[in-house]
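The file final09.txt contains compact mmCIF, C-alpha atoms:
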```
# COMPACT_ATOMS: atom_id res chain seq x y z
CA MET J 1 -76.27 -46.98 13.20
CA ARG J 2 -78.45 -49.17 11.01
CA PHE J 3 -78.00 -49.93 7.32
CA ALA J 4 -80.35 -51.94 5.14
CA VAL J 5 -80.21 -52.78 1.44
CA SER J 6 -83.67 -52.16 0.00
CA GLN J 7 -83.17 -53.12 -3.64
CA ARG J 8 -80.62 -54.72 -5.94
CA CYS J 9 -80.28 -54.87 -9.69
CA SER J 10 -81.25 -58.21 -11.15
CA SER J 11 -77.92 -58.27 -12.98
CA GLY J 12 -74.75 -57.02 -11.34
CA HIS J 13 -74.06 -55.70 -7.83
CA ALA J 14 -75.56 -52.20 -7.92
CA ARG J 15 -77.87 -51.62 -4.97
CA VAL J 16 -79.97 -49.03 -3.14
CA GLY J 17 -79.89 -48.83 0.64
CA ALA J 18 -80.98 -46.71 3.59
CA LEU J 19 -78.63 -45.54 6.32
CA PHE J 20 -80.11 -44.59 9.70
CA ALA J 21 -77.82 -42.80 12.13
CA GLY J 22 -77.27 -39.69 14.19
CA ASN J 23 -80.01 -37.20 14.97
CA SER J 24 -81.58 -37.17 11.52
CA PRO J 25 -85.21 -38.33 11.51
CA THR J 26 -84.92 -39.53 7.91
CA PRO J 27 -82.42 -42.02 6.46
CA LEU J 28 -79.70 -41.29 3.94
CA GLU J 29 -80.37 -43.11 0.68
CA THR J 30 -77.42 -44.80 -0.96
CA PRO J 31 -75.53 -44.77 -3.30
CA ALA J 32 -74.68 -41.31 -1.96
CA LEU J 33 -72.04 -38.63 -2.33
CA LEU J 34 -70.06 -37.36 0.65
CA LEU J 35 -69.43 -33.65 0.23
CA SER J 36 -65.77 -32.76 0.71
CA THR J 37 -65.09 -30.28 3.48
CA LYS J 38 -62.32 -28.26 5.08
CA LYS J 39 -62.66 -28.79 8.81
CA GLY J 40 -66.30 -29.80 8.50
CA LEU J 41 -67.74 -27.33 5.99
CA PRO J 42 -67.66 -27.31 2.16
CA ALA J 43 -65.02 -24.88 0.94
CA PHE J 44 -67.44 -22.39 -0.66
CA LEU J 45 -70.80 -23.13 1.02
CA SER J 46 -71.97 -21.68 4.32
CA PRO J 47 -74.17 -23.84 6.60
CA ASP J 48 -77.36 -21.93 5.69
CA LEU J 49 -76.96 -23.00 2.03
CA LEU J 50 -76.90 -26.75 2.74
CA PRO J 51 -80.70 -27.12 3.16
CA SER J 52 -81.18 -25.76 -0.38
CA LEU J 53 -79.28 -28.72 -1.83
CA PRO J 54 -80.97 -31.98 -2.85
CA PRO J 55 -82.33 -34.09 -1.31
CA SER J 56 -84.67 -31.52 0.23
CA SER J 57 -86.22 -34.02 2.64
CA GLY J 58 -83.17 -36.03 3.72
CA PRO J 59 -79.88 -35.47 5.55
CA HIS J 60 -76.69 -34.34 3.85
CA SER J 61 -73.53 -36.37 4.29
CA LEU J 62 -70.21 -34.59 4.80
CA HIS J 63 -66.71 -36.03 4.71
CA ILE J 64 -64.13 -34.82 7.22
CA SER J 65 -60.46 -35.62 7.67
CA PRO J 66 -59.28 -35.77 11.29
CA VAL J 67 -55.86 -34.71 9.98
CA HIS J 68 -57.33 -31.24 9.27
CA PHE J 69 -57.86 -30.77 13.01
CA LEU J 70 -54.31 -31.59 14.12
CA ASP J 71 -53.29 -27.94 13.76
CA GLY J 72 -56.55 -26.42 15.05
CA PRO J 73 -58.40 -26.50 18.36
CA THR J 74 -57.14 -29.28 20.61
CA PRO J 75 -59.20 -32.46 21.00
CA ALA J 76 -60.02 -31.40 24.57
CA ILE J 77 -61.52 -28.10 23.38
CA ILE J 78 -63.55 -29.71 20.58
CA SER J 79 -64.80 -32.37 23.02
CA SER J 80 -65.84 -29.71 25.56
CA ILE J 81 -67.91 -28.00 22.87
CA GLY J 82 -69.73 -31.25 22.19
CA GLY J 83 -68.10 -32.51 19.04
CA LEU J 84 -68.39 -31.49 15.42
CA HIS J 85 -72.20 -31.46 15.20
CA GLN J 86 -72.42 -29.02 18.08
CA MET J 87 -69.44 -26.90 17.05
CA LEU J 88 -70.77 -26.38 13.50
CA ALA J 89 -74.49 -26.41 14.46
CA LEU J 90 -75.17 -29.08 11.83
CA HIS J 91 -77.26 -31.44 13.91
CA ASN J 92 -79.05 -33.22 11.07
CA CYS J 93 -76.03 -33.90 8.86
CA PHE J 94 -74.04 -37.13 8.70
CA PHE J 95 -70.31 -36.75 9.28
CA VAL J 96 -68.07 -39.51 7.93
CA ALA J 97 -64.38 -39.32 8.87
CA SER J 98 -61.34 -40.81 7.18
CA ALA J 99 -57.76 -39.58 7.24
CA ARG J 100 -57.31 -39.19 3.49
CA ASP J 101 -58.91 -36.55 1.32
CA SER J 102 -57.95 -35.04 -2.03
CA ILE J 103 -57.83 -31.40 -0.95
CA GLN J 104 -55.63 -30.94 2.12
CA SER J 105 -54.64 -34.39 3.39
CA LEU J 106 -52.78 -36.49 0.84
CA PRO J 107 -51.16 -39.78 1.89
CA VAL J 108 -47.37 -39.97 1.52
CA SER J 109 -46.47 -43.65 1.31
CA THR J 110 -42.72 -43.02 1.28
CA ALA J 111 -42.83 -41.32 4.69
CA ALA J 112 -45.13 -43.78 6.47
CA ASN J 113 -43.60 -46.27 8.90
CA LYS J 114 -44.66 -48.90 11.38
CA LEU J 115 -45.66 -46.21 13.90
CA GLY J 116 -48.16 -44.35 11.73
CA ALA J 117 -49.35 -43.04 8.37
CA SER J 118 -47.92 -39.88 6.80
CA PHE J 119 -50.00 -37.08 5.22
CA GLU J 120 -49.04 -33.95 3.30
CA THR J 121 -51.11 -30.94 4.41
CA PRO J 122 -50.91 -27.13 3.94
CA GLY J 123 -49.43 -27.02 7.44
CA GLY J 124 -46.67 -29.48 6.62
CA ARG J 125 -46.21 -33.23 6.74
CA TRP J 126 -47.79 -35.12 9.63
CA LEU J 127 -47.03 -38.59 10.95
CA VAL J 128 -50.34 -39.74 12.39
CA LYS J 129 -50.26 -42.55 14.93
CA PRO J 130 -53.33 -44.59 15.89
CA SER J 131 -53.39 -43.07 19.39
CA SER J 132 -53.39 -39.44 18.19
CA TYR J 133 -55.85 -40.32 15.43
CA MET J 134 -58.26 -41.79 17.97
CA ASP J 135 -57.91 -38.74 20.24
CA VAL J 136 -59.20 -36.54 17.42
CA ILE J 137 -61.94 -39.03 16.44
CA SER J 138 -63.18 -39.20 20.05
CA SER J 139 -63.38 -35.40 20.25
CA LEU J 140 -65.06 -34.88 16.86
CA LYS J 141 -67.72 -37.55 17.48
CA PRO J 142 -68.46 -38.27 13.78
CA ASP J 143 -71.36 -40.54 12.91
CA PHE J 144 -68.95 -42.99 11.22
CA TRP J 145 -65.23 -43.14 10.86
CA ALA J 146 -62.63 -45.23 9.08
CA SER J 147 -59.66 -46.76 10.84
CA LEU J 148 -56.21 -45.41 10.06
CA ALA J 149 -54.84 -46.86 6.82
CA ASP J 150 -51.49 -47.00 5.04
CA GLU J 151 -52.62 -46.17 1.49
CA VAL J 152 -50.03 -46.70 -1.24
CA PRO J 153 -50.01 -45.93 -4.98
CA ALA J 154 -50.32 -48.63 -7.62
CA SER J 155 -46.61 -48.38 -8.50
CA VAL J 156 -45.13 -49.62 -5.20
CA SER J 157 -43.38 -52.95 -4.86
CA GLU J 158 -45.02 -56.13 -3.67
CA LYS J 159 -43.03 -55.94 -0.42
CA ARG J 160 -44.26 -52.40 0.27
CA ASN J 161 -47.81 -53.46 -0.54
CA ARG J 162 -47.60 -56.35 1.89
CA ALA J 163 -46.29 -54.03 4.59
CA SER J 164 -49.17 -51.58 4.02
CA VAL J 165 -51.72 -54.36 4.53
CA ASP J 166 -49.98 -55.59 7.70
CA ARG J 167 -49.85 -52.07 9.13
CA THR J 168 -53.47 -51.30 8.25
CA LEU J 169 -54.69 -54.48 9.94
CA ARG J 170 -52.60 -53.76 13.03
CA TRP J 171 -53.83 -50.17 13.18
CA LEU J 172 -57.42 -51.37 12.81
CA ASP J 173 -57.00 -53.54 15.90
CA ASP J 174 -55.42 -50.58 17.73
CA CYS J 175 -58.31 -48.28 16.75
CA ILE J 176 -60.91 -50.81 17.90
CA ALA J 177 -59.10 -51.21 21.22
CA LEU J 178 -58.93 -47.42 21.71
CA ASP J 179 -62.51 -46.73 20.62
CA LYS J 180 -64.60 -45.59 23.58
CA THR J 181 -67.89 -46.51 21.84
CA GLY J 182 -66.98 -50.17 21.50
CA GLY J 183 -66.73 -50.23 17.72
CA ASN J 184 -70.30 -49.08 17.03
CA ASN J 185 -69.35 -46.58 14.33
CA ILE J 186 -66.12 -47.88 12.82
CA PHE J 187 -65.42 -48.72 9.18
CA GLY J 188 -62.58 -51.17 8.72
CA SER J 189 -60.03 -49.94 6.19
CA ILE J 190 -59.09 -52.13 3.23
CA VAL J 191 -55.90 -51.50 1.23
CA GLY J 192 -53.62 -53.56 -0.99
CA GLY J 193 -52.72 -51.26 -3.89
CA SER J 194 -52.96 -52.90 -7.29
CA ARG J 195 -52.22 -56.42 -6.01
CA VAL J 196 -55.25 -58.70 -6.18
CA GLY J 197 -53.82 -61.11 -3.60
CA GLU J 198 -53.14 -58.38 -1.03
CA ARG J 199 -56.56 -56.80 -1.61
CA LYS J 200 -58.19 -60.16 -0.99
CA ARG J 201 -56.10 -60.84 2.11
CA CYS J 202 -56.86 -57.45 3.61
CA ALA J 203 -60.61 -57.62 2.85
CA THR J 204 -60.89 -61.14 4.27
CA GLU J 205 -59.13 -60.17 7.50
CA VAL J 206 -61.07 -56.91 7.98
CA ALA J 207 -64.37 -58.73 7.45
CA LYS J 208 -63.54 -60.89 10.49
CA ARG J 209 -63.34 -57.83 12.78
CA ASN J 210 -66.16 -56.18 14.69
CA VAL J 211 -66.79 -53.33 12.25
CA GLN J 212 -70.01 -51.69 11.04
CA GLY J 213 -68.85 -51.08 7.49
CA PHE J 214 -65.83 -50.92 5.23
CA TYR J 215 -63.61 -48.12 3.94
CA ILE J 216 -62.01 -49.17 0.66
CA GLY J 217 -58.84 -47.11 0.34
CA GLY J 218 -55.92 -46.86 -2.02
CA PHE J 219 -57.91 -46.16 -5.19
CA GLY J 220 -57.35 -43.19 -7.46
CA LEU J 221 -53.60 -43.49 -6.88
CA GLY J 222 -52.41 -44.62 -10.28
CA GLU J 223 -54.38 -47.74 -11.18
CA SER J 224 -56.12 -47.96 -14.56
CA MET J 225 -59.87 -48.32 -15.04
CA GLU J 226 -59.40 -51.92 -16.17
CA GLU J 227 -57.28 -52.81 -13.12
CA ARG J 228 -59.74 -51.10 -10.78
CA SER J 229 -62.69 -53.18 -11.96
CA GLY J 230 -60.97 -56.45 -11.08
CA LEU J 231 -59.68 -55.12 -7.76
CA LEU J 232 -63.12 -53.87 -6.74
CA ASN J 233 -64.76 -57.18 -7.61
CA THR J 234 -62.11 -59.05 -5.62
CA VAL J 235 -62.76 -56.91 -2.54
CA MET J 236 -66.56 -57.05 -2.84
CA ASP J 237 -66.55 -60.85 -3.03
CA CYS J 238 -64.93 -60.95 0.43
CA LEU J 239 -67.37 -58.58 2.17
CA PRO J 240 -70.78 -59.33 3.73
CA GLU J 241 -73.76 -57.98 1.79
CA ASP J 242 -75.45 -56.33 4.77
CA LYS J 243 -72.71 -53.82 5.65
CA LEU J 244 -71.95 -50.41 4.21
CA ARG J 245 -69.10 -49.86 1.72
CA HIS J 246 -67.35 -46.47 1.50
CA ILE J 247 -64.68 -45.62 -1.06
CA CYS J 248 -62.26 -42.74 -1.65
CA GLY J 249 -60.58 -41.86 -4.94
CA LEU J 250 -63.39 -42.28 -7.50
CA SER J 251 -64.40 -38.86 -8.81
CA LEU J 252 -65.41 -38.66 -12.47
CA PRO J 253 -68.98 -39.63 -13.44
CA GLU J 254 -67.67 -42.71 -15.24
CA GLU J 255 -65.74 -43.75 -12.14
CA ILE J 256 -68.80 -43.27 -9.95
CA LEU J 257 -70.79 -45.55 -12.25
CA GLN J 258 -68.00 -48.13 -12.06
CA GLY J 259 -68.09 -48.02 -8.27
CA VAL J 260 -71.88 -48.27 -8.09
CA ALA J 261 -71.80 -51.24 -10.45
CA ALA J 262 -69.38 -52.97 -8.05
CA GLY J 263 -71.70 -52.41 -5.06
CA ILE J 264 -70.23 -49.27 -3.40
CA ASP J 265 -72.61 -47.25 -1.20
CA LEU J 266 -70.74 -44.04 -0.21
CA PHE J 267 -68.38 -42.02 -2.38
CA ASP J 268 -65.88 -39.56 -0.92
CA SER J 269 -64.93 -37.30 -3.81
CA ALA J 270 -63.28 -33.89 -4.17
CA TYR J 271 -64.40 -33.67 -7.82
CA ILE J 272 -66.82 -30.79 -7.16
CA TYR J 273 -64.18 -28.80 -5.32
CA HIS J 274 -61.57 -29.16 -8.06
CA ILE J 275 -63.83 -28.25 -10.99
CA THR J 276 -65.24 -25.29 -9.04
CA VAL J 277 -61.74 -23.95 -8.35
CA GLY J 278 -61.02 -24.39 -12.07
CA GLY J 279 -63.99 -22.19 -13.05
CA LEU J 280 -65.90 -25.11 -14.56
CA ALA J 281 -69.61 -25.88 -14.42
CA LEU J 282 -71.17 -29.34 -14.76
CA VAL J 283 -73.63 -29.53 -17.64
CA PHE J 284 -73.96 -33.24 -18.45
CA PRO J 285 -77.50 -34.69 -18.56
CA PHE J 286 -78.61 -37.10 -15.86
CA ASP J 287 -82.20 -37.66 -17.04
CA ILE J 288 -80.95 -39.72 -19.97
CA MET J 289 -83.57 -42.40 -19.27
CA GLU J 290 -86.22 -39.76 -20.00
CA GLY J 291 -84.74 -38.94 -23.39
CA GLU J 292 -82.36 -36.12 -22.42
CA SER J 293 -79.21 -36.27 -24.54
CA PHE J 294 -75.67 -34.96 -24.41
CA ASN J 295 -75.02 -31.58 -26.03
CA THR J 296 -72.48 -32.20 -28.78
CA GLN J 297 -72.51 -28.58 -29.98
CA LEU J 298 -70.22 -27.23 -27.25
CA GLN J 299 -67.06 -25.28 -27.95
CA ASN J 300 -63.78 -27.09 -28.61
CA TYR J 301 -62.43 -26.21 -25.15
CA ASP J 302 -65.53 -27.68 -23.47
CA ASP J 303 -66.80 -31.23 -23.28
CA VAL J 304 -70.19 -32.82 -22.68
CA THR J 305 -69.73 -33.00 -18.92
CA LYS J 306 -68.56 -29.46 -18.11
CA ILE J 307 -67.94 -26.00 -19.55
CA ASN J 308 -65.12 -23.55 -18.87
CA LEU J 309 -66.77 -20.31 -17.79
CA ARG J 310 -63.52 -18.35 -17.97
CA ALA J 311 -63.72 -18.59 -21.77
CA ILE J 312 -64.48 -15.40 -23.67
CA ILE J 313 -67.36 -17.07 -25.53
CA TYR J 314 -69.49 -16.78 -22.37
CA ARG J 315 -68.91 -13.07 -21.87
CA LYS J 316 -72.27 -12.21 -23.47
CA ASP J 317 -74.10 -15.48 -22.84
CA THR J 318 -77.29 -14.63 -20.92
CA SER J 319 -78.48 -18.22 -20.53
CA PRO J 320 -78.32 -20.12 -17.22
CA LEU J 321 -75.59 -22.68 -16.67
CA VAL J 322 -78.08 -25.47 -17.39
CA ASN J 323 -81.59 -24.97 -18.71
CA ASN J 324 -84.32 -26.19 -16.33
CA CYS J 325 -81.85 -26.58 -13.45
CA SER J 326 -83.55 -25.69 -10.17
CA CYS J 327 -80.45 -24.62 -8.24
CA TYR J 328 -80.15 -21.06 -6.91
CA THR J 329 -77.41 -20.15 -9.38
CA CYS J 330 -79.33 -21.20 -12.50
CA ARG J 331 -82.57 -19.62 -11.28
CA ASN J 332 -80.96 -16.25 -10.65
CA HIS J 333 -77.77 -15.78 -12.65
CA THR J 334 -76.29 -16.20 -16.11
CA ARG J 335 -73.13 -17.57 -17.66
CA ALA J 336 -72.09 -14.03 -18.55
CA TYR J 337 -72.30 -12.91 -14.93
CA ILE J 338 -70.21 -15.80 -13.65
CA ASN J 339 -67.71 -15.24 -16.46
CA HIS J 340 -67.38 -11.65 -15.24
CA LEU J 341 -66.97 -12.71 -11.60
CA LEU J 342 -64.24 -15.18 -12.53
CA ASN J 343 -62.33 -12.67 -14.63
CA VAL J 344 -62.30 -10.05 -11.86
CA HIS J 345 -61.36 -12.73 -9.28
CA GLU J 346 -64.51 -12.23 -7.21
CA MET J 347 -65.07 -14.92 -4.55
CA LEU J 348 -68.80 -15.02 -5.35
CA ALA J 349 -67.92 -16.86 -8.57
CA GLN J 350 -66.77 -19.95 -6.65
CA ILE J 351 -69.79 -19.76 -4.33
CA LEU J 352 -72.27 -19.70 -7.22
CA LEU J 353 -70.38 -22.41 -9.10
CA ASP J 354 -70.17 -24.61 -6.02
CA ILE J 355 -73.93 -24.29 -5.45
CA HIS J 356 -74.62 -25.41 -9.00
CA ASN J 357 -71.98 -28.13 -9.23
CA THR J 358 -72.96 -29.67 -5.89
CA HIS J 359 -76.65 -29.56 -6.84
CA HIS J 360 -75.93 -31.11 -10.23
CA TYR J 361 -73.79 -33.96 -8.90
CA LEU J 362 -76.28 -34.78 -6.15
CA GLU J 363 -79.00 -34.98 -8.81
CA PHE J 364 -76.74 -37.34 -10.76
CA PHE J 365 -76.65 -39.65 -7.73
CA SER J 366 -80.43 -39.37 -7.44
CA ALA J 367 -80.77 -40.45 -11.09
CA ILE J 368 -78.48 -43.43 -10.38
CA ARG J 369 -80.69 -44.53 -7.46
CA LYS J 370 -83.79 -44.14 -9.62
CA ALA J 371 -82.24 -46.30 -12.34
CA ILE J 372 -81.38 -49.04 -9.83
CA LYS J 373 -84.89 -48.98 -8.36
CA SER J 374 -86.38 -49.47 -11.83
CA ASP J 375 -83.79 -52.20 -12.58
CA LYS J 376 -82.38 -50.16 -15.49
CA PHE J 377 -78.96 -49.31 -14.14
CA ASP J 378 -77.12 -51.22 -16.89
CA LEU J 379 -79.08 -49.28 -19.51
CA PHE J 380 -78.39 -46.01 -17.66
CA CYS J 381 -74.64 -46.71 -17.73
CA LYS J 382 -74.74 -47.71 -21.38
CA LYS J 383 -76.54 -44.52 -22.41
CA PHE J 384 -74.25 -42.32 -20.34
CA ILE J 385 -71.01 -43.86 -21.61
CA GLU J 386 -72.25 -43.88 -25.20
CA GLY J 387 -73.19 -40.19 -25.00
CA ARG J 388 -69.79 -39.29 -23.59
CA HIS J 389 -68.06 -41.68 -25.99
CA SER J 390 -69.72 -40.29 -29.13
CA HIS J 391 -68.64 -36.73 -28.32
CA LEU J 392 -65.01 -37.70 -27.75
CA THR J 393 -64.81 -39.66 -31.02
CA SER J 394 -66.99 -37.50 -33.29
CA SER J 395 -63.96 -35.41 -34.34
CA LEU J 396 -61.88 -38.47 -35.31
CA PRO J 397 -62.60 -39.30 -38.98
CA CYS J 398 -60.80 -42.65 -38.80
CA TYR J 399 -62.46 -43.72 -35.56
CA ASN J 400 -63.57 -47.35 -35.40
CA ALA J 401 -65.94 -48.11 -32.49
CA ASN J 402 -65.07 -51.80 -32.49
CA GLU J 403 -61.38 -51.04 -32.02
CA SER J 404 -61.80 -48.39 -29.32
CA SER J 405 -64.44 -49.80 -26.98
CA LEU J 406 -62.38 -48.85 -23.91
CA LEU J 407 -61.82 -45.22 -24.85
CA SER J 408 -64.56 -43.96 -22.55
CA ALA J 409 -62.89 -45.63 -19.58
CA HIS J 410 -59.81 -43.46 -19.97
CA THR J 411 -61.44 -40.06 -20.43
CA SER J 412 -61.34 -37.24 -17.95
```

Can you present the structure in this file as structure tokens?
Amino acid sequence: MRFAVSQRCSSGHARVGALFAGNSPTPLETPALLLSTKKGLPAFLSPDLLPSLPPSSGPHSLHISPVHFLDGPTPAIISSIGGLHQMLALHNCFFVASARDSIQSLPVSTAANKLGASFETPGGRWLVKPSSYMDVISSLKPDFWASLADEVPASVSEKRNRASVDRTLRWLDDCIALDKTGGNNIFGSIVGGSRVGERKRCATEVAKRNVQGFYIGGFGLGESMEERSGLLNTVMDCLPEDKLRHICGLSLPEEILQGVAAGIDLFDSAYIYHITVGGLALVFPFDIMEGESFNTQLQNYDDVTKINLRAIIYRKDTSPLVNNCSCYTCRNHTRAYINHLLNVHEMLAQILLDIHNTHHYLEFFSAIRKAIKSDKFDLFCKKFIEGRHSHLTSSLPCYNANESSLLSAHTS
């Protein structure tokens, strides 16, 4: 594995980097999105559809949870096949593993103990110990993986927060000791909840270990946007500039921009999965630096980031999901057709929506990288938030912009 930062914004911490790893001949450009998967594959996309997604010339990065594999083939069987790349025949993709995801492996802080972390899954609740976690990691052979972490919500007590940091540091040492590759692909996990002091302590200690990058956990579990900004800055100040940063729990476009501004490189998000299941399509503009603007003429049950295709208004709409979108769905199908598929509960609806939503969000990340390279990321954020902000407040006759400057940080 090799990671290099190629460009930084002149103001702030946003940066563009290149990640070289695995069998891919081309690097993965960061900031990048990790596509959420169920046992290695996106929920609604087959492997033959991945090459059609942007970037067309680079590798795709997929997030996996080792917890998903606890009730599947045994580690010995997966290892005999040759690991995840060989089992799924995805030789040019990057696989990044961490125990938590937002689809099928949710951390349960009340059930964790000194022996291991607890996760709620469709197959029941699992107590995952470092030894069993490393057995699965060794068999899957991901390109990078995060050490086991005790992630807690923002509402826990200071004592519980302190215990989560102590456990996470101890489990990191256990994972490093059990790693057969000598720590070449490990991301050290950083937790601490909403406590600045514990976040700083954990980040400082993890940075002393022999790790190749950092997994910043415990976000998206109840903290506010204002709290998150300070916590992220505290963690980033403790980490070396030349190592990769991976975060879980930031999903919305505004949250992604907040993470990029703090200096995050990889984002593990189930946002695409959840809006696809909900019958929603992303429609927000990402070429806002080229003059593209938000559509403020949407229906009341829509917003400027997404539309609800189950709505009756789209029953006779023969336009594509997004004009000028180059994805397969927009080139070949209409809003009316997807509305029909959703209303008759046809599985093709989720497939077509997932193709579009994944394509759209990957293009959003591409626009972010382009803005950083041209040193206009601050302007990009300003235009995006203002466009979103103006739509949310346009229907409020008594709205005062000076009194509600933080409104956009709380929207969903």

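Across the model, the gap from CA of Gly263 (chain J) to CA of His13 (chain J) is 4.9 Å.
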
Requested in this report: Identify, on the basis of all atoms listed in the file, every residue whose closest approach to Val5 (chain J) does not exceed 7 Å; exclude the query and any residue fewer than 3 positions from it along the same chain; express the result as a ChimeraX atom specification.
Outcome: /J:15-18,242

Write the selection just made, keeping C-alpha atoms, as a PDB file, keeping the file's coordinate frame?
```
ATOM      1  CA  ARG J  15     -77.870 -51.620  -4.970  1.00  0.00           C
ATOM      2  CA  VAL J  16     -79.970 -49.030  -3.140  1.00  0.00           C
ATOM      3  CA  GLY J  17     -79.890 -48.830   0.640  1.00  0.00           C
ATOM      4  CA  ALA J  18     -80.980 -46.710   3.590  1.00  0.00           C
ATOM      5  CA  ASP J 242     -75.450 -56.330   4.770  1.00  0.00           C
TER       6      ASP J 242
END
```

Using all atoms listed in the file, what table do you get, as a tab-separated table, when you list each residue of region 102-211 of chain J with an atom no more than 12 Å from region 74-86 of chain J, its nearest pair of atoms, and their distance in Å rounded to one decimal, rows by chain then rising number?
```
residue	atom	partner	partner_atom	distance
J:Ser132	CA	J:Pro75	CA	9.5
J:Tyr133	CA	J:Pro75	CA	10.2
J:Met134	CA	J:Pro75	CA	9.9
J:Asp135	CA	J:Pro75	CA	6.5
J:Val136	CA	J:Pro75	CA	5.4
J:Ile137	CA	J:Pro75	CA	8.5
J:Ser138	CA	J:Ser79	CA	7.6
J:Ser139	CA	J:Ser79	CA	4.3
J:Leu140	CA	J:Gly83	CA	4.4
J:Lys141	CA	J:Gly83	CA	5.3
J:Pro142	CA	J:Leu84	CA	7.0
J:Asp143	CA	J:His85	CA	9.4
```

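Take the candidates J:Glu223, J:Val277, J:Arg162, J:Ala367 and check each one against Leu352 (chain J) using only C-alpha atoms; the shortest distance goes to J:Val277.
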
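Among the candidates J:Ser118, J:Asn23, J:Ser319, J:Thr234, the residue lying nearest to Ile190 (chain J) is J:Thr234 (atoms considered: only C-alpha atoms).
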
Query raised in the report: In file coordinates, which residues lie within 7 Å of (-52.9, -38.8, 8.4) using only C-alpha atoms, given as a list in words?
Result: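 Protein and nucleic acid residues near the point are Val67, Ala99, Arg100, Ser105, Pro107, Ala117, Ser118, Phe119, Trp126, Leu127 and Val128 of chain J.
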
**Report entry** region 62-65 of chain J surroundings by only C-alpha atoms, 10 Å radius, close-in-sequence under 2 positions cut, as a PyMOL selection string
**Finding:** chain J and resi 33-42+59-60+67-70+84+93-101+103-105+136-137+140+142+144-146+267-270

Report summary line: Using all atoms listed in the file, the shortest atom-to-atom distance to Arg2 (chain J) among J:Leu244, J:Leu309, J:Leu169, J:Ile385 belongs to J:Leu244

Test item: axis-aligned box, all listed atoms of region 334-346 of chain J, 8 Å on each side, centre and edges in Å rounded to one decimal, as lines of an AutoDock Vina configuration file:
```
center_x = -68.8
center_y = -13.8
center_z = -12.9
size_x = 30.9
size_y = 23.5
size_z = 27.3
```

Query raised in the report: With all atoms listed in the file as the basis for distance, which of J:Arg125, J:His356, J:Arg228, J:Lys376 is at the shortest distance from Ser109 (chain J)?
Result: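 Ranked by minimum distance to Ser109 (chain J), first place goes to J:Arg125.
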
Report task. Could you tell me which of J:Val152, J:Leu88, J:Ala349, J:Leu266 comes closest to Leu106 (chain J) if we count all atoms listed in the file? Result -> J:Val152
